[in-house]
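Trainee: My structure is below; once you've seen it, I'll send some questions.
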Amino acid sequence: MTQETIAPPGQGLAPVLDIHNLRTELLIDGQWRAVVRNVSLTIHRNETLALVGESGSGKSMTALSVLKLLPTKISRIGAGQILFEGKDLASLSERDLRRIRGNRIAMIFQEPMTSLNPTMRVGEQISEAIRAHKNVSRADARLQAEQLLQQVGIPSARLRLEDYPHQFSGGMRQRVMIAMAIACRPALLLADEPTTALDVTIQAQVLAVLAKLKSTYGMSMVFITHNLGVVALIADRVAVMYAGEIVEIAAVGDLYSEPMHPYTAALLDAMPRVDRTEDVQPIPGSVPALTDIPSGCAYAARCPLKQPCCEKDHPELLPIDGTNQRFVRCFVRSAK
Amino acid sequence: MNTGRNPPQDQGIVVENLCKHYTIGGRWPARAKQIVHAVLDVSLVVAKGESVGLVGESGCGKSTAARAILRLIEPDSGKIFHDGVDVCALSGPGLRQYRRRAQLVFQDPYASLNPKRTIRQTLEEPLRVHGMAKPDEIAERVERALAEVGLPASSLSRYPNEFSGGQRQRIGIARALVLEPDFVVADEPVSALDVSVQAQILQLLKTLQQLRNLSFLFVSHDLGVVRNFCSRTNVMYLGRIVETGPTEQVLDAPRHPYTRLLRNSSPIPDPAQRIHLVASHQDLPSATNPPTGCAFHPRCPHAKERCRSEVPTLQAIPGDPSRAVACHFPLHG
């Protein structure tokens, strides 16, 4: 891959990943239920897009759909396109997808221990990932593996190649996962809650590794998390999900200084902050069940701004300031 | 707010020099035994009606300390006083009485409820065990506890799997409260919950605390949650308390370098306050083989020779008796 000068995350360039009206369905009690509805997203080169939401909001399902990592018997992509490097991943064969997974698009998960093979030395595992996609000798792959471990900040990398996953601490294991994910210099990294299981001081270190890789390679990243503090730390743009839909997209600064969707605002008010003492404001009610998604706005039942139309009609995700940078799915907010 | 500066010694919980170690490894051809000092010389006070935080990273001994205070784990040494009574000397009816008055709320609302018991059975059992109520009063007490945590009486005949995480945590709280304790240890009670639900549970705990004048020992790794809930905070590192004081002062003007590291690593939901991420590779040291001297010295930017050899003790900060720090060279606010 040629290394040209890295453009800042911008809107002008062609997006790395372009998701159009994605609908992912799960088979629940004999019926197909949509867990991701009408999700459209673009991720640009050298951009970190955070996908935020609570459990069950569909954020992981969106990422798993991109790589078609969902079990085929109980899940399907009901509609939509996932455009990546000129191909529609949604309609690609399993064979072609395998060439992309771990190569052009890589993914890391929350719990690194379940993603690593406990019976294989990490050096072998990383080499295997390289040799699955690149025609290199064992010795070369091993050398690359060592460099990768150095890059993610593992001390005495050459010796650690010989270690098994259980000999690493949680933070170091996640670094091994990251090393494996970036082994083939992916254009896009899907990171699903990669620091949730880590202590805060270790989390800060792992986030630093990811931020550095992004700026070194111009890698794009979809960072899935429920933690609005982490989002503020590393994201360029943020998409907030609620009940399977995107309810707001904004640049990270705008989202925090002026949250538009009432759900985004409520999430920020519910989070206890370390830097100031203030009462948290719980969000009343609960997320609608998958089997009982209302026909109107999914958030209407909990919303303080609710109007009669919110329960009747379904709001669209609409641009609000004319620059195509900010979108909100709310009748009240987009009417302003 | 009670700063707990001079807590009356006969009220609430007073812990002095608590220690607990475990032996791991050993057996089969000459595997060396290793000793983990999970809790080392921990002293803390939870005054009546006060909520006190115990924070630290995984493996620092905060849960072990909390459980030892409840005598769910037998401490090796040290003293625990509950309203002036020496808890470690209790046995028989006295211990049973302590176990009624000191309750625990667990982290995982999925693992801490028996899936084969209805909510009514779950809530009735502690009352029966402690002989707290006549049979005809039991139902009434159970219903009252459930209403207090905001669940309808219709929940009583249902099973845990019918409830969401937040609702289960409410049930766990009701189970602790049904015995009318005056001291509650909450071990990461909200860390398994989503933000919106977490806020609900925090608010509920606060209301209950005020209503019943409960003393809380709140174990958490989340400084934001602790700031929200606790008037005083103890910071633990590798088995020892390294700093203690009123929560706001500890977080806003930490005196121990570790407290500052924790505070600076905690993400703030404001991109304008992005912390500078440094790609370091410091790991938490192993508890089986802690560093000599001050356990934090390998990670400490200010470590000097003395820190490598001499263990600092927790000492009151001159001029500010509400705060104490275990550091040879404390930071200046």
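Identifiers in this document derive from the order of the structure tokens: chains are assigned A, B, ..., residues are numbered from 1 separately in each chain, and ligands are numbered from 1 in order of occurrence.
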Could the residues of chain A within 8 Å of chain B, counting only C-alpha atoms, be given as number ranges by chain, please?

Mentor: A: 54-55, 153-155, 169, 171, 199-209, 212, 226, 228-233, 252-253, 256-257, 267-268, 270-283

Trainee: Compile the contact shell of region 158-162 of chain B as a VMD selection string: residues with an atom at most 6 Å away, counting only C-alpha atoms, same-chain residues fewer than 3 positions apart removed.

Mentor: chain B and resid 115 118 155

Trainee: Measure the distance from CA of Met241 (chain A) to CA of Leu205 (chain B) in Å and round it to one decimal.

Mentor: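 Computing the Euclidean distance for CA of Met241 (chain A) and CA of Leu205 (chain B) yields 28.5 Å.
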
Trainee: Skip Pro262 (chain A) itself and residues of its chain fewer than 2 positions away, then list as a short mmCIF file (atom, residue, chain, number, x, y, z; two decimals) with C-alpha atoms, in the first residue's frame all residues within 9 Å of it, counting only C-alpha atoms.

Mentor:
data_model
loop_
_atom_site.label_atom_id
_atom_site.label_comp_id
_atom_site.auth_asym_id
_atom_site.auth_seq_id
_atom_site.Cartn_x
_atom_site.Cartn_y
_atom_site.Cartn_z
CA PRO A 259 -26.86 17.77 21.70
CA MET A 260 -29.86 17.97 19.37
CA THR A 264 -28.47 12.33 23.33
CA ALA A 265 -29.11 15.14 25.78
CA ALA A 266 -30.65 12.71 28.28
CA LEU A 267 -27.68 10.32 27.99
CA TYR A 299 -38.03 7.41 21.84
CA CYS A 303 -39.22 12.02 25.57
CA PRO A 304 -39.82 15.32 27.39
CA LEU A 305 -40.37 17.17 24.08
CA CYS A 330 -36.66 14.22 15.63
CA ARG A 333 -35.65 19.42 16.71
#

Trainee: If we count only C-alpha atoms and set the cut-off at 7 Å, which residues sit around Pro189 (chain B), ignoring sequence neighbours fewer than 6 positions away in its own chain? Please answer as a PyMOL selection string.

Mentor: chain B and resi 105-107

Trainee: Need the shell around region 23-32 of chain A: protein/DNA/RNA residues with any atom at most 9 Å away, counting only C-alpha atoms. Skip same-chain ones fewer than 4 positions apart. Format as an MDAnalysis selection string?

Mentor: chainID A and resid 36:39 61:62 65 73:80 291

Trainee: Enumerate as a PDB file with C-alpha atoms, in the first residue's frame all residues of region 131-212 of chain A assigned to strand (DSSP E) by DSSP on the backbone, naming them with the chain letters and numbers the document uses.

Mentor:
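What landed in states12.pdb:
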ATOM      1  CA  LEU A 188     -10.865   0.139   8.297  1.00  0.00           C
ATOM      2  CA  LEU A 189     -10.837  -1.114  11.876  1.00  0.00           C
ATOM      3  CA  LEU A 190     -14.073  -2.026  13.598  1.00  0.00           C
ATOM      4  CA  ALA A 191     -13.516  -1.775  17.352  1.00  0.00           C
ATOM      5  CA  ASP A 192     -16.362  -3.171  19.421  1.00  0.00           C
TER       6      ASP A 192
END

Trainee: With only C-alpha atoms as the counted atoms, please give the residues lying no more than 9 Å from Lys312 (chain A), apart from itself and same-chain residues fewer than 2 positions off, as an NGL selection string.

Mentor: :A and (295-297 or 308-310 or 314)

Trainee: Would you mind exporting N, CA and C atoms of the selected residues as an mmCIF file, in the first residue's frame?

Mentor:
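Output (out_23.cif):
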data_model
loop_
_atom_site.group_PDB
_atom_site.id
_atom_site.type_symbol
_atom_site.label_atom_id
_atom_site.label_comp_id
_atom_site.auth_asym_id
_atom_site.auth_seq_id
_atom_site.Cartn_x
_atom_site.Cartn_y
_atom_site.Cartn_z
ATOM 1 N N SER A 295 -44.636 2.379 16.176
ATOM 2 C CA SER A 295 -44.629 2.803 14.768
ATOM 3 C C SER A 295 -44.175 4.252 14.633
ATOM 4 N N GLY A 296 -44.366 5.040 15.664
ATOM 5 C CA GLY A 296 -43.901 6.425 15.613
ATOM 6 C C GLY A 296 -42.438 6.515 15.970
ATOM 7 N N CYS A 297 -42.047 7.608 16.638
ATOM 8 C CA CYS A 297 -40.673 7.753 17.086
ATOM 9 C C CYS A 297 -40.416 6.764 18.218
ATOM 10 N N PRO A 308 -47.888 15.474 19.685
ATOM 11 C CA PRO A 308 -48.817 14.432 19.209
ATOM 12 C C PRO A 308 -48.299 13.675 17.981
ATOM 13 N N CYS A 309 -47.613 14.391 17.064
ATOM 14 C CA CYS A 309 -47.168 13.725 15.836
ATOM 15 C C CYS A 309 -46.100 12.662 16.106
ATOM 16 N N CYS A 310 -45.363 12.783 17.231
ATOM 17 C CA CYS A 310 -44.247 11.871 17.496
ATOM 18 C C CYS A 310 -44.710 10.432 17.651
ATOM 19 N N HIS A 314 -43.328 8.330 11.870
ATOM 20 C CA HIS A 314 -41.949 7.971 12.142
ATOM 21 C C HIS A 314 -41.018 9.053 11.601
#

Trainee: Contacts of Ser91 (chain A) at 9 Å or less, counting only C-alpha atoms, minus same-chain residues fewer than 2 places along, as a list in words?

Mentor: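 Counting only the stated atoms, we get Gln81, Ile82, Lys87, Asp88, Leu89 and Ser93 of chain A.
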
Trainee: Kindly export the residues of the current selection with C-alpha atoms, as a compact mmCIF listing (two decimals), in the first residue's frame.

Mentor:
# COMPACT_ATOMS: atom_id res chain seq x y z
CA GLN A 81 -25.87 -1.82 0.76
CA ILE A 82 -22.47 -1.81 2.42
CA LYS A 87 -17.83 -3.62 -3.67
CA ASP A 88 -21.13 -4.20 -1.95
CA LEU A 89 -20.25 -6.38 1.05
CA SER A 93 -19.89 -14.33 -1.49

Trainee: Hey, which of A:Gly244, A:Pro118, A:Gly102, A:Gly170 ends up closest to Ala34 (chain A)? Count only C-alpha atoms.

Mentor: A:Gly244

Trainee: Could you please determine the separation between CA of Met236 (chain B) and CA of Cys327 (chain B) in Å, to one decimal place?

Mentor: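 We find that CA of Met236 (chain B) and CA of Cys327 (chain B) lie 12.7 Å from each other.
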
Trainee: What is the CA of Met120 (chain A)-CA of Asn103 (chain A) distance in Å, reported with one decimal?

Mentor: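 Separation of CA of Met120 (chain A) and CA of Asn103 (chain A): 20.7 Å.
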
Trainee: Return the single residue from A:Val136, A:Leu70, A:Leu255, A:Ala129 that is closest to Ile178 (chain A), with distances computed using only C-alpha atoms.

Mentor: A:Ala129
